[in-house]
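A short write-up of the structure that comes next.
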Amino acid sequence: MKYIASVDDQSFEIEILQNNQLMVDGEVVQADFQSVSDQPVYTLLLNGESFEALVYPSEQGVQVLLRGRLFDFTVEDERQRRLRQSTGGAAMQSGEYQLRAPMPGLIVVVPVKEGQEIKSGDDLIILESMKMQNELKAPRDGTVSRIRVKSGDNVDQNQVLLTLT
Amino acid sequence: MKYIASVDDQSFEIEILQNNQLMVDGEVVQADFQSVSDQPVYTLLLNGESFEALVYPSEQGVQVLLRGRLFDFTVEDERQRRLRQSTGGAAMQSGEYQLRAPMPGLIVVVPVKEGQEIKSGDDLIILESMKMQNELKAPRDGTVSRIRVKSGDNVDQNQVLLTLT
Amino acid sequence: MFNKVLVANRGEIAVRIMRACRELGMNTVAVYSEADRTALHVRQADEAYLLGPAAARDSYLRGDKIIEIAQRSGAGAIHPGYGFLAERDDFAQAVEDAGLGFIGPRPSAIAAMGDKAVARATVTAAGVPVVPGTEGEGDLRDEDLLDLAPAIGFPLLIKATAGGGGKGMREVRSLEDMPALLESARREAEAAFGDGNVYLEKLIEGARHIEFQILADSQGNVIHLGERECSLQRRHQKLLEEAPSPFMNEELRVKMGEVACKAAQAVDYLNAGTIEFLVDKDENFYFLEMNTRLQVEHPVTELVTGIDIVKEQIRIARGRKLRYTQDDIHLNGWAIECRINAEDPYANFVPSTGVLNSVIPPSGPGVRVDTGVYAGFEISPYYDSLISKLICWGETRGETILRMRRALEEYRILGVKTNIPFHQNIMDSHRFIAGSFDTRFVEERFSMDTPEDEKEHLMTIAAVMATLVAHRQGQQAAQIVRRGKRDTSNWKWVSRWERMNR
Amino acid sequence: MFNKVLVANRGEIAVRIMRACRELGMNTVAVYSEADRTALHVRQADEAYLLGPAAARDSYLRGDKIIEIAQRSGAGAIHPGYGFLAERDDFAQAVEDAGLGFIGPRPSAIAAMGDKAVARATVTAAGVPVVPGTEGEGDLRDEDLLDLAPAIGFPLLIKATAGGGGKGMREVRSLEDMPALLESARREAEAAFGDGNVYLEKLIEGARHIEFQILADSQGNVIHLGERECSLQRRHQKLLEEAPSPFMNEELRVKMGEVACKAAQAVDYLNAGTIEFLVDKDENFYFLEMNTRLQVEHPVTELVTGIDIVKEQIRIARGRKLRYTQDDIHLNGWAIECRINAEDPYANFVPSTGVLNSVIPPSGPGVRVDTGVYAGFEISPYYDSLISKLICWGETRGETILRMRRALEEYRILGVKTNIPFHQNIMDSHRFIAGSFDTRFVEERFSMDTPEDEKEHLMTIAAVMATLVAHRQGQQAAQIVRRGKRDTSNWKWVSRWERMNR
């Protein structure tokens with residue numbers, strides 16, 4: 001089975017062969033890959049080199065935390081890749097974005113108004129949690145279409161706070 | 001519900017009351033009892049005193065390892081106690097006893113013969129495991145009725161090695 | 001003389017204090033909130049009593065209840081730890097009024113140092129240099145502050161009078177930004193301390209935050225245990241501390257140490273305390289504040305001096321004379337502490353909550369871990385995000401950094417995100433290794449981006465791991481569909497995956 | 001000069017050595033058996049290579065494969081740890097012949113000290129006192145041994161010529177017992193070492209086992225790092241070690257230390273090694289043997305001297321001169337090590353195997369844990385039962401004992417039985433606290449029975465806990481029967497209970 005793993009502007013072609021072998025960007029390597037203690041910790045021996053990483057699913061695909069570096073990969077097999085290429089990859093920039101509370105807490109301030117245009121990185125909500133004021137920022141440019149909370153509200157984790165279009 | 005917990009020659013009468021209260025040998029105490037992390041570790045607050053112990057089921061009933069002391073309790077409710085008292089408590093000394101391998105290993109020597117009379121504490125089997133020679137001893141007086149292994153055998157955990165009558 | 005100590009705190013510091021008590025042969029009394037019934041400090045105490053609901057105001061801030069529990073349980077003294085009631089002079093006074101020992105300074109010293117204006121005036125009178133600012137002027141209105149600002153000069157800091165820990169603090173680069181920043185600072189101060197008063201202070205650029213640990217006994221002896229370097233901060237929260245400071249020289253240490261002792265003596269100080277200084281490039285130093293309590297970062301001093309500060313606190317509270325004079329204090333080797341917080345260093349350090357599925361702490365020579373959590377315990381949103389303190393000692397700063405690197409790499413905490421990768425990046429940072437950093441380093445000149453030279457190889461490895469996990473996920477999903485049932489191993493896999501997806 | 005080290009071992013010592021390598025900036029190569037793919041030493045290494053099946057003879061004893069892997073991976077040196085190949089002069093020679101560094105003594109010194117008869121003759125010639133016995137006489141037949149025994153006097157010990165670790169050792173109280181004991185000793189020696197030869201040795205009654213750590217560099221400098229007290233043994237297996245020894249005085253330390261260095265020099269010793277002595281009540285001491293390798297108990301010496309012995313081993317192997325002279329060595333404070341084994345102290349110390357469900361190691365000031373396992377790892381029957389070493393340091397022996405007590409109480413290991421309760425009872429033993437024990441103490445005068453005075457209260461508490469667990473079990477079982485189905489929480493309970501019942 002052949003996969004393409006992409007991060008930022010780089011992509012790797014990785015094919016899973018027989019006998020614990022992989023083809024990584026055209027080179028055959030020996031791989032011994034195991035999870036540890038039923039946790040998302042994985043140990044990899046790649047041609048004898050020993051690596052250990054936390055590997056989690058993420059919105060993008062798969063997150064790998066390896067020796068203090070975080071890589072957020074999109075992993076596709078060939079079929080998936082072709083499908084995506086035919087529909088175009090710019091979906092992320094359009095459509096609705098819902099800002100959810102990353103943890104339970106108290107809404108301190110909502111510094112934006114419905115209908116307001118904002119830029120990527122602007123503060124959308126200030127949420128107090130764990131004794132800290134946390135600025136929740138816009139992931140992209142857009143327009144605030146709906147605000148569902150107000151200052152003083154207690155919110156649960158994952159509760160939708162605000163919608164961006 | 002009323003229980004009798006016994007160990008060695010001592011027994012304790014413990015009644016479970018409402019509102020996290022217990023009657024322990026006639027005295028009412030406040031108890032907050034919780035298991036920790038889904039493990040057989042329990043934390044007990046008894047009138048504010050804090051205790052933590054490993055509590056395991058055992059052949060006798062319940063083993064409690066508390067501050068480096070091991071107590072092997074028999075716990076019965078009143079019905080069970082009456083039943084047992086009517087049938088008599090000496091059953092342990094008679095009947096068959098099967099010696100099982102406490103861990104996998106290699107039989108080094110079987111220093112007894114079938115039909116031999118042995119005393120409590122006599123060596124029955126020498127089992128080599130984890131780089132140590134382990135003497136498996138008789139738990140009571142009796143006669144070796146059947147030997148199922150011989151020197152040089154590899155045995156699994158819990159395999160019956162020998163029967164005592 | 002007391003033989004039973006109530007620890008009015010939770011988390012790693014409660015555990016730390018109880019260990020000291022136990023090692024002195026004393027009994028310990030824990031107090032806890034409903035969220036903390038199975039917390040380590042409750043499990044390890046000899047006695048434990050419920051305070052109330054999870055929120056701190058209903059539990060760990062209930063001084064009245066805590067004193068009542070101390071009396072009921074026969075505890076002879078209370079150790080407040082840090083945070084919560086540690087710097088409340090009214091609490092310290094109430095403890096003493098109840099006939100109990102307070103393991104900390106006298107209420108008068110807490111009060112004097114707790115009000116920044118009073119603190120500033122007091123140490124200035126004792127000849128201790130302070131940072132230029134309005135702190136001595138009392139509570140000023142915005143108009144007055146705006147008038148005085150140009151004389152102090154920009155950049156300057158707005159700070160909360162009742163403050164600490166960066167709450168209600170704002171940096172001002174120009175007069176026109178100031179009104180808005182004043183408003184938000186007052187709002188935050190009001191929320192955090194119930195006191196919206198603020199003052200202005202000159203911002204020392206390129207400043208290092210260096211503090212001196214002091215010990216004072218009831219016979220009037222005051223000594224210092226050398227300095228701690230605490231410049232690595234984010235939003236005025238310390239992240240990493242070391243002892244000694246890479247900027248320090250013996251001459252400056254003697255000078256600053258003497259001034260630190262003088263500042264403590266100015267308020268008739270008792271027990272352990274810390275004098276914080278700002279130090280500029282030219283070795284000018286300014287008194288910042290005194291923390292009238294045990295510090296989070298006290299272990300680095302313990303490791304280089306060999307002195308157990310918490311045990312000394314207890315001995316001092318029992319009326320003992322200090323066992324050391326200044327001449328007995330020698331710094332040996334180097335120690336670094338990394339604060340391990342439940343927060344996501346890749347998402348603006350947002351706090352992370354959840355049950356710790358697995359914890360494998362680092363161990364071995366020269367490694368100390370102070371923690372109040374364990375696998376199976378839940379990091380709740382009610383308290384601060386400190387999971388543990390990882391402290392390494394080595395003969396030299398270089399050895400300590402290498403040791404910290406391997407300890408960070410060994411540390412496995414699953415269930416919440418942690419800032420371990422942040423510390424790993426710090427340990428790899430050339431500026432940190434060279435010791436050339438100031439209090440702005442983390443926010444302004446540090447990045448979590450991996451340098452290009454080592455990125456390539458790691459990225460390939462990560463790609464392989466990502467692919468193999470995705471492949472397994474796909475295989476497992478396919479099997480489930482094909483077989484129409486979930487066998488145990490599939491079930492395990494899927495449930496783990498679902499758990500991670502939450 | 002090598003910069004990559006292959007560690008030819010497993011478990012805690014492999015992890016310990018790799019940590020030292022990493023902290024010296026060196027790369028590490030692990031080797032592992034099929035049972036150890038996810039062992040900590042494999043996870044932490046930079047490279048790891050499979051040796052073969054679980055049995056040691058097919059894996060960790062495969063010197064040929066290990067040397068081949070070292071060459072293939074570009075490792076410049078091999079550290080053998082302890083056990084396995086550590087004291088095999090043919091392996092050390094093969095390593096050198098392959099052009100690799102051996103982090104340990106020269107093959108000739110291993111050979112000289114490995115044959116007890118040669119060792120005895122060599123050190124006797126150098127003026128080192130030895131225990132009376134037949135060791136210098138060569139391999140004798142039973143008839144000769146029986147003839148010589150009365151001259152040595154009873155009680156005496158039969159010991160394996162190729163032996164170590166108590167294998168093939170028997171105590172003889174009279175001539176008539178001797179033939180049977182000779183036979184069993186020879187059988188055990190043959191099985192363990194492939195060599196059934198034995199010798200006789202006078203049994204020193206009331207003897208203390210005290211050993212000296214030495215370091216020797218390639219420039220001919222030899223120093224000692226003071227003594228370790230290792231009298232607490234069961235079947236000649238050490239259980240607990242401390243440094244310094246409570247029996248030692250400075251005069252005796254100087255004398256024994258000089259003799260220890262002399263013994264090492266007699267075989268032209270290089271790197272770290274240990275001279276074991278028996279010491280009687282009158283301070284007479286006798287050379288017992290030299291361990292030509294790193295010892296399990298090396299950390300207690302590290303904690304009182306401040307010297308990282310494994311790093312020194314590596315430096316010495318790189319040809320460096322010792323960084324210390326004898327005058328630089330000072331003992332500071334007190335250290336105790338408890339060996340935490342997977343064995344049941346309530347069932348004749350029978351080994352215990354299984355998956356570790358949960359591990360919460362103790363931590364905090366003065367506590368060091370050296371381990372090769374973690375929660376989720378399986379303790380298999382293939383290797384020894386050492387789970388970890390818990391080492392505590394304190395200013396005094398008293399503080400260290402108190403610290404060890406709290407550390408043992410904090411330590412939670414679930415899934416296998418451990419000897420932690422044994423160590424807790426030792427720490428509470430009046431004779432241990434008073435320091436009045438010898439090598440027979442554990443077997444002859446120590447009991448796991450709780451003293452009556454404290455038994456009563458603990459027994460009541462235990463009765464309450466036993467009852468509450470039995471009650472819950474009954475309640476849960478009843479609910480299952482009533483409802484006819486298992487909901488999640490019941491299922492959890494039952495499965496946990498079943499797991500425990502296995």
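Residue names in the structure tokens use chain letters A, B, ... in the order shown, residue numbers from 1 in each chain, and ligand numbers from 1 in the order shown.
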
Please list as a VMD selection string every residue within 7 Å of Gln116 of chain A, counting only C-alpha atoms and excluding residues in the same chain fewer than 2 positions away.
chain A and resid 112 to 114 118 143 to 144

May I ask you to extract the residues of chain D within 7 Å of chain B, using only C-alpha atoms, and to give them as a ChimeraX atom specification?
/D:350-351,381-385,409,421,424-425,450,462-463,466-467,470,500-501

Go ahead and write the selection's residues with C-alpha atoms as an mmCIF file, in the first residue's frame.
```cif
data_model
loop_
_atom_site.group_PDB
_atom_site.id
_atom_site.type_symbol
_atom_site.label_atom_id
_atom_site.label_comp_id
_atom_site.auth_asym_id
_atom_site.auth_seq_id
_atom_site.Cartn_x
_atom_site.Cartn_y
_atom_site.Cartn_z
ATOM 1 C CA VAL D 350 9.330 -16.793 45.568
ATOM 2 C CA PRO D 351 9.751 -14.782 42.338
ATOM 3 C CA PRO D 381 10.699 -15.310 34.144
ATOM 4 C CA TYR D 382 13.769 -15.153 31.902
ATOM 5 C CA TYR D 383 15.897 -12.707 33.830
ATOM 6 C CA ASP D 384 16.553 -11.758 37.419
ATOM 7 C CA SER D 385 13.798 -10.298 39.550
ATOM 8 C CA GLU D 409 5.420 3.850 51.575
ATOM 9 C CA PRO D 421 7.113 -4.788 52.643
ATOM 10 C CA GLN D 424 9.595 -1.498 55.245
ATOM 11 C CA ASN D 425 10.009 -4.022 58.038
ATOM 12 C CA THR D 450 4.578 -7.024 63.170
ATOM 13 C CA ALA D 462 -7.110 -3.649 57.684
ATOM 14 C CA ALA D 463 -10.263 -5.433 58.872
ATOM 15 C CA ALA D 466 -11.112 -6.067 53.883
ATOM 16 C CA THR D 467 -14.765 -5.876 54.873
ATOM 17 C CA ALA D 470 -15.780 -7.885 50.357
ATOM 18 C CA MET D 500 -6.850 -9.928 40.388
ATOM 19 C CA ASN D 501 -8.044 -13.476 40.885
#
```

Specify as a PDB file with N, CA, C and O atoms, in the first residue's frame all residues of chain D found within 7 Å of chain C, counting only C-alpha atoms.
```
ATOM      1  N   ARG D  16      20.808   2.845  33.109  1.00  0.00           N
ATOM      2  CA  ARG D  16      21.746   3.676  33.874  1.00  0.00           C
ATOM      3  C   ARG D  16      22.961   4.060  33.022  1.00  0.00           C
ATOM      4  O   ARG D  16      23.399   5.218  33.041  1.00  0.00           O
ATOM      5  N   ARG D  22      24.534   9.423  27.343  1.00  0.00           N
ATOM      6  CA  ARG D  22      23.794  10.549  26.791  1.00  0.00           C
ATOM      7  C   ARG D  22      24.248  11.864  27.420  1.00  0.00           C
ATOM      8  O   ARG D  22      24.393  12.874  26.753  1.00  0.00           O
ATOM      9  N   GLU D  23      24.490  11.819  28.740  1.00  0.00           N
ATOM     10  CA  GLU D  23      24.901  13.039  29.438  1.00  0.00           C
ATOM     11  C   GLU D  23      26.354  13.422  29.118  1.00  0.00           C
ATOM     12  O   GLU D  23      26.780  14.526  29.434  1.00  0.00           O
ATOM     13  N   ILE D 360       3.861   3.751  40.512  1.00  0.00           N
ATOM     14  CA  ILE D 360       4.039   5.133  40.966  1.00  0.00           C
ATOM     15  C   ILE D 360       5.313   5.162  41.783  1.00  0.00           C
ATOM     16  O   ILE D 360       5.337   4.728  42.926  1.00  0.00           O
ATOM     17  N   SER D 363       9.294  10.071  44.791  1.00  0.00           N
ATOM     18  CA  SER D 363      10.144  11.123  44.231  1.00  0.00           C
ATOM     19  C   SER D 363      10.408  12.162  45.303  1.00  0.00           C
ATOM     20  O   SER D 363      10.219  11.905  46.475  1.00  0.00           O
ATOM     21  N   GLY D 364      10.844  13.339  44.887  1.00  0.00           N
ATOM     22  CA  GLY D 364      11.120  14.409  45.834  1.00  0.00           C
ATOM     23  C   GLY D 364      12.567  14.422  46.286  1.00  0.00           C
ATOM     24  O   GLY D 364      13.399  13.680  45.775  1.00  0.00           O
ATOM     25  N   PRO D 365      12.877  15.296  47.246  1.00  0.00           N
ATOM     26  CA  PRO D 365      14.267  15.509  47.661  1.00  0.00           C
ATOM     27  C   PRO D 365      14.949  14.242  48.144  1.00  0.00           C
ATOM     28  O   PRO D 365      14.372  13.472  48.917  1.00  0.00           O
ATOM     29  N   ARG D 368      16.346   8.738  44.690  1.00  0.00           N
ATOM     30  CA  ARG D 368      16.742   8.363  43.327  1.00  0.00           C
ATOM     31  C   ARG D 368      16.197   6.965  43.052  1.00  0.00           C
ATOM     32  O   ARG D 368      16.272   6.087  43.897  1.00  0.00           O
ATOM     33  N   VAL D 369      15.623   6.794  41.877  1.00  0.00           N
ATOM     34  CA  VAL D 369      15.124   5.489  41.474  1.00  0.00           C
ATOM     35  C   VAL D 369      15.839   5.102  40.184  1.00  0.00           C
ATOM     36  O   VAL D 369      15.811   5.850  39.220  1.00  0.00           O
ATOM     37  N   ASP D 370      16.513   3.972  40.178  1.00  0.00           N
ATOM     38  CA  ASP D 370      17.122   3.448  38.953  1.00  0.00           C
ATOM     39  C   ASP D 370      16.300   2.246  38.527  1.00  0.00           C
ATOM     40  O   ASP D 370      16.214   1.266  39.273  1.00  0.00           O
ATOM     41  N   TYR D 374       8.433  -0.017  33.469  1.00  0.00           N
ATOM     42  CA  TYR D 374       7.411   1.025  33.495  1.00  0.00           C
ATOM     43  C   TYR D 374       6.050   0.333  33.482  1.00  0.00           C
ATOM     44  O   TYR D 374       5.965  -0.876  33.205  1.00  0.00           O
ATOM     45  N   GLU D 399      18.224  10.474  59.155  1.00  0.00           N
ATOM     46  CA  GLU D 399      17.390  11.144  58.151  1.00  0.00           C
ATOM     47  C   GLU D 399      17.175  10.240  56.940  1.00  0.00           C
ATOM     48  O   GLU D 399      16.088  10.186  56.367  1.00  0.00           O
ATOM     49  N   LEU D 402      14.517   7.644  57.712  1.00  0.00           N
ATOM     50  CA  LEU D 402      13.182   8.257  57.677  1.00  0.00           C
ATOM     51  C   LEU D 402      12.744   8.534  56.246  1.00  0.00           C
ATOM     52  O   LEU D 402      11.586   8.340  55.869  1.00  0.00           O
ATOM     53  N   ARG D 403      13.682   8.985  55.439  1.00  0.00           N
ATOM     54  CA  ARG D 403      13.367   9.261  54.034  1.00  0.00           C
ATOM     55  C   ARG D 403      13.045   7.974  53.291  1.00  0.00           C
ATOM     56  O   ARG D 403      12.118   7.922  52.489  1.00  0.00           O
ATOM     57  N   ARG D 406       9.510   6.829  54.041  1.00  0.00           N
ATOM     58  CA  ARG D 406       8.429   7.507  53.325  1.00  0.00           C
ATOM     59  C   ARG D 406       8.469   7.152  51.846  1.00  0.00           C
ATOM     60  O   ARG D 406       7.423   7.014  51.199  1.00  0.00           O
TER      61      ARG D 406
END
```

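The interatomic distance for the pair atom CA of Ala126 of chain D and atom CA of Ala263 of chain D works out to 6.9 Å.
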
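Interatomic distance, atom CA of Ile275 of chain C against atom CA of Leu331 of chain C: 18.2 Å.
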
Taking only segment 238-290 of chain D into account, list the residues labelled strand (DSSP E) by DSSP (computed from the backbone), as a CSV table (one decimal) with all heavy atoms, in the first residue's frame.
```csv
chain,number,residue,atom,x,y,z
D,238,LYS,N,22.5,-9.9,48.1
D,238,LYS,CA,22.4,-8.6,48.8
D,238,LYS,C,21.0,-8.1,48.5
D,238,LYS,O,20.4,-8.2,47.5
D,238,LYS,CB,23.4,-7.6,48.2
D,238,LYS,CG,24.8,-8.0,48.5
D,238,LYS,CD,25.8,-7.1,47.7
D,238,LYS,CE,27.2,-7.7,47.9
D,238,LYS,NZ,28.1,-7.1,46.9
D,239,LEU,N,20.4,-7.5,49.6
D,239,LEU,CA,19.1,-6.9,49.5
D,239,LEU,C,19.1,-5.4,49.7
D,239,LEU,O,18.2,-4.7,49.2
D,239,LEU,CB,18.2,-7.5,50.6
D,239,LEU,CG,17.9,-9.0,50.4
D,239,LEU,CD1,17.4,-9.6,51.7
D,239,LEU,CD2,16.9,-9.2,49.3
D,240,LEU,N,20.0,-4.9,50.5
D,240,LEU,CA,20.1,-3.5,50.9
D,240,LEU,C,21.5,-3.2,51.2
D,240,LEU,O,22.2,-3.9,51.8
D,240,LEU,CB,19.2,-3.4,52.2
D,240,LEU,CG,19.1,-2.0,52.8
D,240,LEU,CD1,17.8,-2.0,53.6
D,240,LEU,CD2,20.2,-1.7,53.8
D,241,GLU,N,21.9,-2.0,50.7
D,241,GLU,CA,23.3,-1.6,50.9
D,241,GLU,C,23.3,-0.2,51.4
D,241,GLU,O,22.4,0.6,51.1
D,241,GLU,CB,24.1,-1.7,49.6
D,241,GLU,CG,24.2,-3.1,49.0
D,241,GLU,CD,23.1,-3.4,47.9
D,241,GLU,OE1,22.1,-2.5,47.8
D,241,GLU,OE2,23.2,-4.4,47.2
D,242,GLU,N,24.4,0.2,52.1
D,242,GLU,CA,24.5,1.6,52.5
D,242,GLU,C,25.9,2.0,52.5
D,242,GLU,O,26.8,1.2,52.4
D,242,GLU,CB,23.9,1.8,53.9
D,242,GLU,CG,24.4,0.9,55.0
D,242,GLU,CD,23.6,1.1,56.3
D,242,GLU,OE1,23.5,2.3,56.7
D,242,GLU,OE2,23.1,0.2,56.9
D,243,ALA,N,26.1,3.3,52.4
D,243,ALA,CA,27.4,3.9,52.4
D,243,ALA,C,27.3,5.2,53.3
D,243,ALA,O,26.3,6.0,53.0
D,243,ALA,CB,27.9,4.3,51.0
D,271,ASN,N,40.0,0.7,35.5
D,271,ASN,CA,38.6,1.0,35.5
D,271,ASN,C,38.0,0.8,36.9
D,271,ASN,O,38.7,0.7,37.9
D,271,ASN,CB,37.8,0.2,34.4
D,271,ASN,CG,36.7,1.1,33.9
D,271,ASN,OD1,35.7,1.4,34.6
D,271,ASN,ND2,36.8,1.5,32.6
D,272,ALA,N,36.7,0.6,37.0
D,272,ALA,CA,36.0,0.5,38.3
D,272,ALA,C,36.0,-0.9,38.8
D,272,ALA,O,35.8,-1.8,37.9
D,272,ALA,CB,34.6,1.1,38.2
D,273,GLY,N,36.1,-1.1,40.1
D,273,GLY,CA,36.1,-2.5,40.6
D,273,GLY,C,35.8,-2.4,42.1
D,273,GLY,O,35.8,-1.3,42.7
D,274,THR,N,35.5,-3.6,42.7
D,274,THR,CA,35.1,-3.6,44.1
D,274,THR,C,35.8,-4.7,44.8
D,274,THR,O,35.8,-5.9,44.3
D,274,THR,CB,33.6,-3.8,44.2
D,274,THR,OG1,32.9,-2.7,43.6
D,274,THR,CG2,33.2,-3.9,45.7
D,275,ILE,N,36.4,-4.4,45.9
D,275,ILE,CA,37.0,-5.4,46.8
D,275,ILE,C,36.1,-5.7,47.9
D,275,ILE,O,35.8,-4.8,48.7
D,275,ILE,CB,38.4,-4.9,47.3
D,275,ILE,CG1,39.2,-4.2,46.3
D,275,ILE,CG2,39.1,-6.1,48.0
D,275,ILE,CD1,39.9,-5.0,45.3
D,276,GLU,N,35.7,-7.0,48.0
D,276,GLU,CA,34.8,-7.4,49.1
D,276,GLU,C,35.6,-8.0,50.2
D,276,GLU,O,36.5,-8.8,50.0
D,276,GLU,CB,33.8,-8.5,48.6
D,276,GLU,CG,32.9,-7.9,47.5
D,276,GLU,CD,31.7,-8.9,47.2
D,276,GLU,OE1,31.8,-10.1,47.5
D,276,GLU,OE2,30.7,-8.5,46.6
D,277,PHE,N,35.2,-7.5,51.4
D,277,PHE,CA,35.9,-8.0,52.6
D,277,PHE,C,34.9,-8.6,53.6
D,277,PHE,O,33.7,-8.2,53.6
D,277,PHE,CB,36.6,-6.9,53.4
D,277,PHE,CG,37.8,-6.3,52.7
D,277,PHE,CD1,37.6,-5.1,52.0
D,277,PHE,CD2,39.0,-6.9,52.7
D,277,PHE,CE1,38.7,-4.5,51.4
D,277,PHE,CE2,40.1,-6.3,52.1
D,277,PHE,CZ,40.0,-5.1,51.4
D,278,LEU,N,35.3,-9.6,54.4
D,278,LEU,CA,34.5,-9.9,55.6
D,278,LEU,C,35.2,-9.3,56.8
D,278,LEU,O,36.5,-9.3,56.8
D,278,LEU,CB,34.5,-11.5,55.8
D,278,LEU,CG,33.6,-12.3,55.0
D,278,LEU,CD1,33.6,-13.7,55.4
D,278,LEU,CD2,32.2,-11.7,55.1
D,279,VAL,N,34.5,-8.7,57.7
D,279,VAL,CA,35.0,-8.0,58.8
D,279,VAL,C,34.4,-8.6,60.1
D,279,VAL,O,33.2,-8.8,60.2
D,279,VAL,CB,34.7,-6.5,58.8
D,279,VAL,CG1,35.4,-5.8,59.9
D,279,VAL,CG2,35.1,-5.9,57.5
D,285,PHE,N,39.9,-8.0,59.1
D,285,PHE,CA,39.2,-8.1,57.8
D,285,PHE,C,40.0,-9.0,56.9
D,285,PHE,O,41.2,-9.1,57.0
D,285,PHE,CB,39.0,-6.7,57.2
D,285,PHE,CG,40.3,-5.9,57.0
D,285,PHE,CD1,41.0,-6.0,55.8
D,285,PHE,CD2,40.8,-5.1,58.0
D,285,PHE,CE1,42.1,-5.2,55.6
D,285,PHE,CE2,42.0,-4.3,57.8
D,285,PHE,CZ,42.6,-4.4,56.6
D,286,TYR,N,39.2,-9.7,56.0
D,286,TYR,CA,39.7,-10.7,55.1
D,286,TYR,C,39.2,-10.4,53.7
D,286,TYR,O,38.0,-10.2,53.5
D,286,TYR,CB,39.2,-12.1,55.5
D,286,TYR,CG,39.5,-12.4,57.0
D,286,TYR,CD1,38.5,-12.2,58.0
D,286,TYR,CD2,40.7,-13.0,57.3
D,286,TYR,CE1,38.8,-12.5,59.3
D,286,TYR,CE2,41.0,-13.3,58.7
D,286,TYR,CZ,40.0,-13.1,59.6
D,286,TYR,OH,40.3,-13.4,60.9
D,287,PHE,N,40.1,-10.4,52.8
D,287,PHE,CA,39.7,-10.3,51.3
D,287,PHE,C,38.8,-11.5,51.0
D,287,PHE,O,39.1,-12.6,51.3
D,287,PHE,CB,41.0,-10.4,50.5
D,287,PHE,CG,40.7,-10.5,49.0
D,287,PHE,CD1,40.6,-9.4,48.2
D,287,PHE,CD2,40.7,-11.7,48.4
D,287,PHE,CE1,40.3,-9.5,46.9
D,287,PHE,CE2,40.5,-11.8,47.0
D,287,PHE,CZ,40.3,-10.7,46.2
D,288,LEU,N,37.7,-11.2,50.4
D,288,LEU,CA,36.7,-12.2,50.0
D,288,LEU,C,36.8,-12.5,48.5
D,288,LEU,O,37.1,-13.6,48.1
D,288,LEU,CB,35.3,-11.7,50.4
D,288,LEU,CG,34.2,-12.7,50.6
D,288,LEU,CD1,34.6,-13.7,51.7
D,288,LEU,CD2,33.0,-11.9,51.1
D,289,GLU,N,36.6,-11.4,47.7
D,289,GLU,CA,36.8,-11.5,46.3
D,289,GLU,C,36.8,-10.1,45.7
D,289,GLU,O,36.5,-9.1,46.4
D,289,GLU,CB,35.7,-12.3,45.6
D,289,GLU,CG,34.3,-11.8,45.8
D,289,GLU,CD,33.2,-12.6,45.0
D,289,GLU,OE1,33.6,-13.4,44.1
D,289,GLU,OE2,32.0,-12.4,45.3
D,290,MET,N,37.2,-10.0,44.4
D,290,MET,CA,37.1,-8.7,43.8
D,290,MET,C,36.1,-8.9,42.6
D,290,MET,O,36.1,-9.8,41.9
D,290,MET,CB,38.4,-8.3,43.2
D,290,MET,CG,38.4,-7.0,42.4
D,290,MET,SD,39.9,-6.3,42.0
D,290,MET,CE,39.4,-4.6,41.5
```

Distance query Gln30 of chain B at most 9 Å, only C-alpha atoms, self and fewer than 2 positions along chain excluded, as a ChimeraX atom specification
/B:19-23,28,32,45-48

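Atom CA of Arg10 of chain C is positioned 29.4 Å from atom CA of Asn197 of chain C.
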
Within segment 206-433 of chain C, find each residue whose DSSP state, derived from the backbone, is helix (DSSP H, G or I), and express the selection as number ranges by chain.
C: 250-266, 298-305, 309-317, 326-328, 397-410, 420-428, 430-433
